[in-house]
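Participant: Supplied structure: entry.cif, mmCIF, C-alpha atoms (C1' of nucleotides).
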data_start
#
loop_
_atom_site.label_atom_id
_atom_site.label_comp_id
_atom_site.auth_asym_id
_atom_site.auth_seq_id
_atom_site.Cartn_x
_atom_site.Cartn_y
_atom_site.Cartn_z
CA MET A 245 -22.16 3.95 -3.88
CA GLN A 246 -19.15 1.68 -4.01
CA ASN A 247 -18.37 1.95 -7.66
CA HIS A 248 -18.78 5.66 -7.85
CA ASP A 249 -16.67 6.30 -4.79
CA THR A 250 -13.90 4.15 -6.11
CA ARG A 251 -13.76 6.00 -9.36
CA HIS A 252 -13.68 9.31 -7.60
CA GLU A 253 -10.88 8.07 -5.35
CA ASP A 254 -8.81 6.82 -8.25
CA LEU A 255 -9.23 10.16 -9.87
CA SER A 256 -8.08 11.96 -6.74
CA MET A 257 -5.04 9.82 -6.13
CA ASP A 258 -4.06 9.93 -9.74
CA ALA A 259 -4.23 13.70 -9.88
CA TRP A 260 -2.50 13.98 -6.52
CA VAL A 261 0.40 11.73 -7.46
CA ARG A 262 0.83 13.47 -10.76
CA LEU A 263 0.85 16.86 -9.10
CA GLN A 264 3.59 15.78 -6.74
CA ARG A 265 5.66 14.03 -9.36
CA ALA A 266 5.39 16.78 -11.90
CA SER A 267 6.20 19.61 -9.56
CA THR A 268 9.13 17.77 -8.01
CA ALA A 269 10.55 16.72 -11.34
CA VAL A 270 10.30 20.16 -12.86
CA LEU A 271 11.62 21.90 -9.78
CA GLU A 272 14.68 19.67 -9.78
CA ARG A 273 15.40 20.48 -13.39
CA VAL A 274 14.99 24.19 -12.87
CA GLU A 275 17.22 24.11 -9.79
CA ALA A 276 19.79 22.14 -11.71
CA ARG A 277 19.95 24.86 -14.35
CA LEU A 278 20.44 27.56 -11.77
CA LYS A 279 23.17 25.60 -10.07
CA ALA A 280 24.85 24.83 -13.38
CA ALA A 281 24.98 28.56 -14.03
CA GLY A 282 26.68 29.06 -10.67
CA PHE A 283 23.71 30.54 -8.85
CA PRO A 284 22.31 29.83 -5.41
CA PRO A 285 19.08 27.85 -4.94
CA LEU A 286 15.69 29.18 -5.90
CA GLY A 287 14.84 29.83 -2.26
CA TRP A 288 17.39 32.63 -2.21
CA TYR A 289 15.83 34.16 -5.28
CA ASP A 290 12.39 34.00 -3.73
CA VAL A 291 13.51 35.80 -0.61
CA LEU A 292 15.47 38.45 -2.48
CA LEU A 293 12.55 39.01 -4.81
CA GLU A 294 10.22 39.58 -1.89
CA LEU A 295 12.70 42.07 -0.51
CA ARG A 296 12.83 43.94 -3.79
CA ARG A 297 9.08 44.09 -3.95
CA ALA A 298 8.79 45.45 -0.43
CA GLU A 299 8.34 49.08 0.53
CA ASP A 300 11.93 50.05 1.18
CA ARG A 301 13.49 46.87 -0.14
CA SER A 302 13.40 45.36 3.32
CA LEU A 303 11.21 43.00 5.30
CA ARG A 304 11.04 41.52 8.75
CA PRO A 305 11.72 37.79 8.93
CA VAL A 306 8.19 37.22 10.10
CA GLU A 307 6.95 38.84 6.92
CA ILE A 308 9.20 36.67 4.79
CA GLU A 309 7.74 33.71 6.60
CA ARG A 310 4.28 34.76 5.48
CA HIS A 311 5.27 35.43 1.89
CA THR A 312 7.03 32.13 1.47
CA LEU A 313 6.10 28.69 2.77
CA LEU A 314 9.12 28.53 5.05
CA ALA A 315 9.10 27.72 8.74
CA GLN A 316 10.31 30.35 11.17
CA TYR A 317 13.61 28.64 11.95
CA ASN A 318 14.29 28.07 8.29
CA VAL A 319 13.72 31.72 7.49
CA SER A 320 16.07 32.63 10.30
CA ARG A 321 18.85 30.49 8.96
CA LEU A 322 18.26 31.18 5.30
CA ILE A 323 18.55 34.86 6.04
CA ASP A 324 21.83 34.22 7.80
CA ARG A 325 23.20 32.47 4.75
CA ILE A 326 21.97 35.14 2.38
CA ALA A 327 23.39 37.87 4.59
CA ALA A 328 26.69 36.03 4.98
CA ALA A 329 26.94 35.97 1.20
CA GLY A 330 26.38 39.73 1.12
CA TYR A 331 23.03 39.77 -0.69
CA ALA A 332 21.18 41.27 2.26
CA ASP A 333 21.91 43.04 5.52
CA LYS A 334 20.40 42.31 8.90
CA LYS A 335 19.56 45.49 10.79
CA LYS A 336 17.81 46.09 14.08
CA SER A 337 14.16 46.88 13.62
CA PRO A 338 13.60 50.52 14.61
CA GLU A 339 10.01 50.07 15.71
CA ASP A 340 10.17 46.65 17.37
CA GLY A 341 12.92 45.75 19.78
CA ARG A 342 12.45 42.04 19.23
CA GLY A 343 12.74 42.21 15.50
CA ILE A 344 15.21 42.71 12.74
CA LYS A 345 14.93 44.13 9.26
CA VAL A 346 16.39 42.28 6.34
CA CYS A 347 17.55 44.73 3.69
CA LEU A 348 18.37 43.97 0.09
CA THR A 349 21.89 45.09 -0.78
CA ARG A 350 23.11 46.37 -4.12
CA LYS A 351 24.83 43.04 -4.55
CA GLY A 352 21.50 41.33 -3.92
CA GLU A 353 19.81 43.41 -6.58
CA THR A 354 22.53 42.50 -9.00
CA LEU A 355 22.08 38.84 -8.22
CA LEU A 356 18.38 39.11 -8.94
CA GLU A 357 19.10 40.76 -12.25
CA GLU A 358 21.63 38.13 -13.20
CA MET A 359 19.54 35.19 -12.10
CA TRP A 360 16.37 36.30 -13.80
CA PRO A 361 17.21 35.43 -17.42
CA VAL A 362 18.51 32.02 -16.38
CA TYR A 363 15.50 31.36 -14.19
CA ARG A 364 13.10 32.55 -16.84
CA GLU A 365 14.65 30.36 -19.46
CA ALA A 366 14.72 27.37 -17.15
CA VAL A 367 11.02 27.70 -16.44
CA GLN A 368 10.36 28.18 -20.11
CA ARG A 369 12.27 25.11 -21.18
CA GLU A 370 11.44 22.73 -18.37
CA PHE A 371 7.87 23.77 -17.83
CA ALA A 372 6.13 26.26 -20.08
CA GLU A 373 7.36 24.80 -23.33
CA HIS A 374 5.56 21.57 -22.60
CA MET A 375 2.12 23.07 -22.42
CA SER A 376 -0.08 25.55 -24.20
CA ASP A 377 -0.97 29.00 -22.94
CA SER A 378 -4.44 27.78 -22.30
CA ASP A 379 -3.13 24.82 -20.30
CA MET A 380 -1.22 27.25 -18.11
CA LYS A 381 -4.25 29.40 -17.57
CA THR A 382 -6.23 26.31 -16.68
CA ILE A 383 -3.84 24.92 -14.12
CA SER A 384 -3.28 28.35 -12.64
CA SER A 385 -6.92 28.77 -11.95
CA ILE A 386 -7.41 25.26 -10.61
CA LEU A 387 -4.35 25.36 -8.36
CA LYS A 388 -5.37 28.73 -7.03
CA LYS A 389 -8.08 26.94 -5.10
CA LEU A 390 -5.49 24.95 -3.23
CA VAL A 391 -3.21 27.76 -2.21
CA SER A 392 -5.89 30.18 -1.14
CA GLN A 393 -7.11 27.74 1.46
CA SER A 394 -3.73 28.09 3.15
CA VAL A 395 -4.01 31.74 4.11
CA LYS A 396 -3.86 31.76 7.87
CA MET B 273 6.69 40.80 -30.41
CA GLN B 274 7.42 42.49 -27.09
CA ASN B 275 3.94 42.65 -25.74
CA HIS B 276 2.99 39.18 -26.72
CA ASP B 277 6.15 37.65 -25.26
CA THR B 278 5.65 39.46 -22.02
CA ARG B 279 2.14 38.15 -21.62
CA HIS B 280 3.26 34.64 -22.38
CA GLU B 281 6.04 34.93 -19.82
CA ASP B 282 3.74 36.25 -17.13
CA LEU B 283 1.45 33.34 -17.79
CA SER B 284 4.33 30.88 -17.50
CA MET B 285 5.72 32.30 -14.30
CA ASP B 286 2.33 32.57 -12.76
CA ALA B 287 1.46 28.95 -13.52
CA TRP B 288 4.91 27.84 -12.44
CA VAL B 289 4.81 29.60 -9.10
CA ARG B 290 1.32 28.36 -8.42
CA LEU B 291 2.28 24.80 -9.23
CA GLN B 292 5.17 24.95 -6.79
CA ARG B 293 3.24 26.66 -4.05
CA ALA B 294 0.20 24.47 -4.33
CA SER B 295 2.05 21.20 -4.41
CA THR B 296 4.30 22.17 -1.52
CA ALA B 297 1.44 23.45 0.59
CA VAL B 298 -0.73 20.42 0.04
CA LEU B 299 2.11 17.98 0.52
CA GLU B 300 2.95 19.55 3.85
CA ARG B 301 -0.61 19.23 5.02
CA VAL B 302 -0.87 15.63 3.95
CA GLU B 303 2.44 14.78 5.61
CA ALA B 304 1.30 16.51 8.75
CA ARG B 305 -1.77 14.30 8.93
CA LEU B 306 0.29 11.16 8.51
CA LYS B 307 2.67 12.26 11.20
CA ALA B 308 -0.16 13.23 13.51
CA ALA B 309 -1.49 9.71 13.15
CA GLY B 310 1.91 8.36 14.17
CA PHE B 311 2.99 7.17 10.74
CA PRO B 312 6.30 7.53 8.93
CA PRO B 313 6.69 9.99 6.03
CA LEU B 314 5.05 9.52 2.67
CA GLY B 315 8.35 8.46 1.13
CA TRP B 316 8.20 5.25 3.15
CA TYR B 317 4.71 4.57 1.89
CA ASP B 318 5.78 5.12 -1.70
CA VAL B 319 8.62 2.64 -1.43
CA LEU B 320 6.55 0.01 0.36
CA LEU B 321 3.80 0.41 -2.17
CA GLU B 322 6.22 -0.17 -5.03
CA LEU B 323 7.41 -3.29 -3.26
CA ARG B 324 3.87 -4.58 -2.88
CA ARG B 325 3.17 -3.99 -6.54
CA ALA B 326 6.31 -5.82 -7.61
CA GLU B 327 6.50 -9.42 -8.82
CA ASP B 328 7.41 -11.15 -5.59
CA ARG B 329 6.96 -8.15 -3.32
CA SER B 330 10.60 -7.23 -3.73
CA LEU B 331 12.67 -4.87 -5.83
CA ARG B 332 16.29 -3.95 -6.33
CA PRO B 333 17.26 -0.50 -5.08
CA VAL B 334 18.03 0.52 -8.61
CA GLU B 335 14.44 -0.27 -9.56
CA ILE B 336 13.11 1.73 -6.65
CA GLU B 337 15.24 4.57 -7.90
CA ARG B 338 13.49 4.41 -11.23
CA HIS B 339 10.01 4.15 -9.78
CA THR B 340 10.47 7.12 -7.45
CA LEU B 341 12.27 10.38 -8.01
CA LEU B 342 14.91 9.58 -5.43
CA ALA B 343 18.66 9.79 -5.93
CA GLN B 344 20.68 6.61 -5.59
CA TYR B 345 22.23 7.50 -2.25
CA ASN B 346 18.87 8.49 -0.88
CA VAL B 347 17.31 5.21 -1.89
CA SER B 348 20.19 3.41 -0.24
CA ARG B 349 19.68 5.19 3.05
CA LEU B 350 15.90 5.23 2.95
CA ILE B 351 15.96 1.46 2.53
CA ASP B 352 18.25 1.18 5.52
CA ARG B 353 15.80 3.10 7.66
CA ILE B 354 12.79 1.17 6.42
CA ALA B 355 14.61 -2.12 6.98
CA ALA B 356 15.80 -1.04 10.41
CA ALA B 357 12.17 -0.39 11.31
CA GLY B 358 11.29 -3.89 10.16
CA TYR B 359 9.07 -2.99 7.22
CA ALA B 360 11.40 -4.58 4.67
CA ASP B 361 14.34 -6.96 4.54
CA LYS B 362 17.56 -6.54 2.63
CA LYS B 363 18.69 -9.77 1.00
CA LYS B 364 21.53 -10.55 -1.36
CA SER B 365 20.44 -10.58 -4.95
CA PRO B 366 20.66 -14.14 -6.24
CA GLU B 367 21.33 -13.18 -9.84
CA ASP B 368 23.62 -10.16 -9.38
CA GLY B 369 26.49 -10.22 -6.94
CA ARG B 370 26.59 -6.43 -6.71
CA GLY B 371 22.98 -6.06 -5.85
CA ILE B 372 20.50 -6.56 -3.10
CA LYS B 373 16.81 -7.32 -3.06
CA VAL B 374 14.53 -5.33 -0.83
CA CYS B 375 11.63 -7.49 0.33
CA LEU B 376 8.40 -6.31 1.85
CA THR B 377 7.81 -7.91 5.25
CA ARG B 378 4.48 -8.83 6.78
CA LYS B 379 4.93 -5.85 9.07
CA GLY B 380 5.42 -3.67 6.02
CA GLU B 381 2.21 -4.93 4.48
CA THR B 382 0.40 -4.17 7.67
CA LEU B 383 1.80 -0.67 7.69
CA LEU B 384 0.56 -0.10 4.16
CA GLU B 385 -2.89 -1.28 5.16
CA GLU B 386 -2.98 0.94 8.20
CA MET B 387 -1.62 4.01 6.46
CA TRP B 388 -3.90 3.80 3.47
CA PRO B 389 -7.14 5.08 5.04
CA VAL B 390 -5.30 7.97 6.69
CA TYR B 391 -3.44 8.81 3.52
CA ARG B 392 -6.57 8.54 1.43
CA GLU B 393 -8.49 10.81 3.72
CA ALA B 394 -5.67 13.32 3.90
CA VAL B 395 -5.54 13.58 0.12
CA GLN B 396 -9.29 13.83 0.00
CA ARG B 397 -9.49 16.63 2.54
CA GLU B 398 -6.41 18.62 1.65
CA PHE B 399 -6.55 18.21 -2.09
CA ALA B 400 -9.47 16.50 -3.79
CA GLU B 401 -12.18 18.22 -1.83
CA HIS B 402 -11.09 21.57 -3.19
CA MET B 403 -11.67 20.73 -6.81
CA SER B 404 -14.17 19.03 -9.04
CA ASP B 405 -13.70 15.66 -10.69
CA SER B 406 -13.32 17.41 -13.99
CA ASP B 407 -10.63 19.70 -12.54
CA MET B 408 -8.73 16.63 -11.44
CA LYS B 409 -8.99 15.02 -14.84
CA THR B 410 -7.81 18.25 -16.40
CA ILE B 411 -4.75 18.74 -14.28
CA SER B 412 -3.87 15.06 -14.54
CA SER B 413 -3.78 15.23 -18.26
CA ILE B 414 -1.89 18.50 -18.39
CA LEU B 415 0.71 17.46 -15.82
CA LYS B 416 1.23 14.17 -17.58
CA LYS B 417 3.07 16.10 -20.24
CA LEU B 418 5.63 17.24 -17.71
CA VAL B 419 6.40 13.90 -16.13
CA SER B 420 6.62 11.90 -19.31
CA GLN B 421 9.45 14.06 -20.53
CA SER B 422 11.50 12.81 -17.57
CA VAL B 423 11.64 9.17 -18.54
CA LYS B 424 15.30 8.44 -19.00
"C1'" DT C 295 40.96 -14.25 -21.72
"C1'" DG C 296 42.11 -10.17 -19.42
"C1'" DA C 297 42.12 -5.23 -19.06
"C1'" DA C 298 38.99 -1.35 -19.27
"C1'" DA C 299 34.45 0.49 -18.77
"C1'" DA C 300 30.06 0.39 -16.79
"C1'" DT C 301 26.83 -0.70 -13.09
"C1'" DA C 302 25.04 -1.44 -8.18
"C1'" DT C 303 25.37 -0.11 -3.70
"C1'" DA C 304 27.40 2.14 0.34
"C1'" DT C 305 29.43 5.87 2.95
"C1'" DG C 306 32.31 10.09 4.97
"C1'" DC C 307 31.63 14.66 5.24
"C1'" DA C 308 29.43 19.09 4.77
"C1'" DA C 309 25.22 21.43 4.53
"C1'" DG C 310 20.22 21.83 5.27
"C1'" DT C 311 15.94 20.81 8.02
"C1'" DG C 312 12.71 19.77 11.91
"C1'" DC C 313 11.86 20.00 16.65
"C1'" DA C 314 12.05 21.79 20.94
"C1'" DT C 315 13.64 25.25 23.60
"C1'" DT C 316 15.68 29.79 24.78
"C1'" DT C 317 15.94 34.73 24.99
"C1'" DA C 318 14.06 39.00 24.66
"C1'" DA C 319 10.63 42.33 23.93
"C1'" DA C 320 5.87 43.72 23.23
"C1'" DA C 321 0.84 43.27 24.31
"C1'" DA C 322 -2.75 41.99 27.13
"C1'" DT C 323 -4.83 41.45 31.50
"C1'" DC C 324 -5.83 42.19 36.15
"C1'" DG D 42 1.99 49.34 36.68
"C1'" DA D 43 3.25 44.60 37.74
"C1'" DT D 44 2.31 40.03 36.03
"C1'" DT D 45 1.02 36.93 32.55
"C1'" DT D 46 0.63 35.85 27.79
"C1'" DT D 47 1.97 36.34 23.20
"C1'" DT D 48 5.16 37.28 19.57
"C1'" DA D 49 9.93 37.65 17.16
"C1'" DA D 50 14.02 35.58 16.39
"C1'" DA D 51 17.89 32.41 17.33
"C1'" DT D 52 19.96 27.99 18.40
"C1'" DG D 53 21.47 23.06 20.10
"C1'" DC D 54 20.67 18.60 18.68
"C1'" DA D 55 19.32 14.85 15.88
"C1'" DC D 56 18.20 13.49 11.46
"C1'" DT D 57 18.16 13.96 6.36
"C1'" DT D 58 20.20 15.22 2.04
"C1'" DG D 59 23.77 16.23 -1.52
"C1'" DC D 60 28.17 15.46 -3.25
"C1'" DA D 61 32.03 13.00 -4.07
"C1'" DT D 62 34.09 8.90 -3.74
"C1'" DA D 63 34.87 3.93 -2.47
"C1'" DT D 64 34.05 -0.94 -3.17
"C1'" DA D 65 32.57 -4.79 -5.41
"C1'" DT D 66 30.82 -6.99 -9.37
"C1'" DT D 67 29.40 -7.49 -13.99
"C1'" DT D 68 29.85 -6.33 -18.93
"C1'" DT D 69 32.31 -5.15 -22.88
"C1'" DC D 70 35.51 -5.87 -26.23
"C1'" DA D 71 40.44 -5.74 -28.03
#
Translate the structure of the given file into structure tokens.

Facilitator:
Amino acid sequence: MQNHDTRHEDLSMDAWVRLQRASTAVLERVEARLKAAGFPPLGWYDVLLELRRAEDRSLRPVEIERHTLLAQYNVSRLIDRIAAAGYADKKKSPEDGRGIKVCLTRKGETLLEEMWPVYREAVQREFAEHMSDSDMKTISSILKKLVSQSVK
Amino acid sequence: MQNHDTRHEDLSMDAWVRLQRASTAVLERVEARLKAAGFPPLGWYDVLLELRRAEDRSLRPVEIERHTLLAQYNVSRLIDRIAAAGYADKKKSPEDGRGIKVCLTRKGETLLEEMWPVYREAVQREFAEHMSDSDMKTISSILKKLVSQSVK
DNA sequence: TGAAAATATATGCAAGTGCATTTAAAAATC
DNA sequence: GATTTTTAAATGCACTTGCATATATTTTCA
């Protein structure tokens, strides 16, 4: 019925707008802290972290694409930038002639180690500090429902 | 204490990463629906909506800047694009020689009306449908704490 | 008042992103 | 096993964004 639908819709749009505003605002502040400390953007960290977590500290671009939310062409170019900066190497894939392997370098590992405390503190100050542990558990479990739907 | 801190940190990072992933993923899907329907990006809608809400359906760029999370130079250029497409007019501000007034046009109002059902359905399908009304109330109230801190 | 500081907007340039397409190799199909 | 289809990665081009700065105007205040 009209009234009920309207209330539900208001609720949805309100939550939606807040989600977008909050995540954008907090991301900007976290990125600003990283930049202020002289570090590259968070996207670099994400990629390097995935590399470190991987089997032999290397991944194919197509795998990075799946781990992150990046488009194929963005992965391709982000990798170029990261490699140009010396944090990873691009090697030919031994098992697939089309592919390459992106390998974490020692310099990349060092960057991860150096960025971590700054990143951790940024998230703490700009995000975690503003809510309780139980709030964080709550939003984690609610937001999980949104991300899981995206698995291709 | 070590153990306690570590658990708290895991909780923070987990919630943080989920917030970023979820909001990015859902935003992309909503934007994709708008684009598929032949509409401009959500940012245009946001600006036009602010104009419609305003006193005489017009705002100064500096006010748009405050209502959205856009940087000054981005507002300036976004307005140019919106005006070039005929959805708003740029007029000299009568009371401030430095400023301009951005006025919603009839065409802009029409765009808002046409985009709304598509936008509403996109948010419904990509976001609201995946959670309960009480989930939405919960995340709204938790995320409010993050945005409010940003008021300059 | 008149110089200095602050505010509003615009813009050149470099860097990042989206889209469409290209190239090359692997997999599937017949 | 040759041909078609699919997959991996790169790239040219147009558009968007970020940064620094320019320009004009208003505000402040000595």

Participant: Quick one: everything within 10 Å of range 64-71 of chain D, counting only C-alpha atoms (C1' of nucleotides), minus sequence neighbours fewer than 5 positions away in the same chain. Send it as a list of chain:residue names.

Facilitator: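 Near neighbours after the sequence-gap exclusion: B:Asp368, B:Gly369, B:Arg370, B:Gly371, C:DG296, C:DA297, C:DA298, C:DA299, C:DA300, C:DT301, C:DA302, C:DT303, C:DA304.
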
Participant: Need the shell around range 48-51 of chain D: protein/DNA/RNA residues with any atom at most 10 Å away, counting only C-alpha atoms (C1' of nucleotides). Skip same-chain ones fewer than 4 positions apart. Format as a list in words?

Facilitator: Arg304, Pro305, Val306, Gln316, Tyr317, Val319, Ser320, Arg321, Asp340, Gly341, Arg342, Gly343 and Ile344 of chain A; DT316, DT317, DA318, DA319, DA320 and DA321 of chain C

Participant: Report as a list in words the residues that result from applying the PyMOL selection byres ((chain B and resi 302) around 8) to the structure here.

Facilitator: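 When the PyMOL selection byres ((chain B and resi 302) around 8) is applied to the shown file, the picked residues are Val298, Leu299, Glu300, Arg301, Glu303, Ala304, Arg305, Leu306, Tyr391, Ala394, Val395 and Glu398 of chain B.
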
Participant: Compare A:Lys389, A:His311, A:Arg325, A:Arg265 by their minimum atom-to-atom distance to chain C, counting only C-alpha atoms (C1' of nucleotides), and give me the closest one.

Facilitator: A:Arg325

Participant: Return as a ChimeraX atom specification the residues belonging to chain A that are within 10 Å of chain B, counting all atoms listed in the file.

Facilitator: /A:251-253,255-273,312-313,363-365,367-368,370-394

Participant: Quick one: of A:Ala329, A:Lys334, A:Asp300, A:Phe283, who's nearest to chain D, counting only C-alpha atoms (C1' of nucleotides)?

Facilitator: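 The closest residue to chain D is A:Lys334.
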
Participant: Restricting the calculation to all atoms listed in the file: of D:DT47, D:DT62, D:DT57, D:DT52, which residue gets closest to chain A?

Facilitator: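 Residue with the minimum atom-to-atom distance to chain A: D:DT52.
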
Participant: Could you tell me how far CA of Arg310 in chain A lies from C1' of DA322 in chain C, in Å and to one decimal?

Facilitator: 23.9 Å

Participant: If we count all atoms listed in the file and set the cut-off at 12 Å, which residues sit around DA61 in chain D, ignoring sequence neighbours fewer than 3 positions away in its own chain? Please answer as number ranges by chain.

Facilitator: B: 345; C: 305-308

Participant: Select, from A:Glu353, A:Asp333, A:Glu309, A:Glu358, the residue with the minimum atom-to-atom distance to chain D, counting all atoms listed in the file.

Facilitator: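 Of all the options, A:Glu309 lies closest to chain D.
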
Participant: Just give me the gap between CA of Asp318 in chain B and C1' of DT58 in chain D in Å, one decimal is fine.

Facilitator: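 Interatomic distance, CA of Asp318 in chain B to C1' of DT58 in chain D: 18.0 Å.
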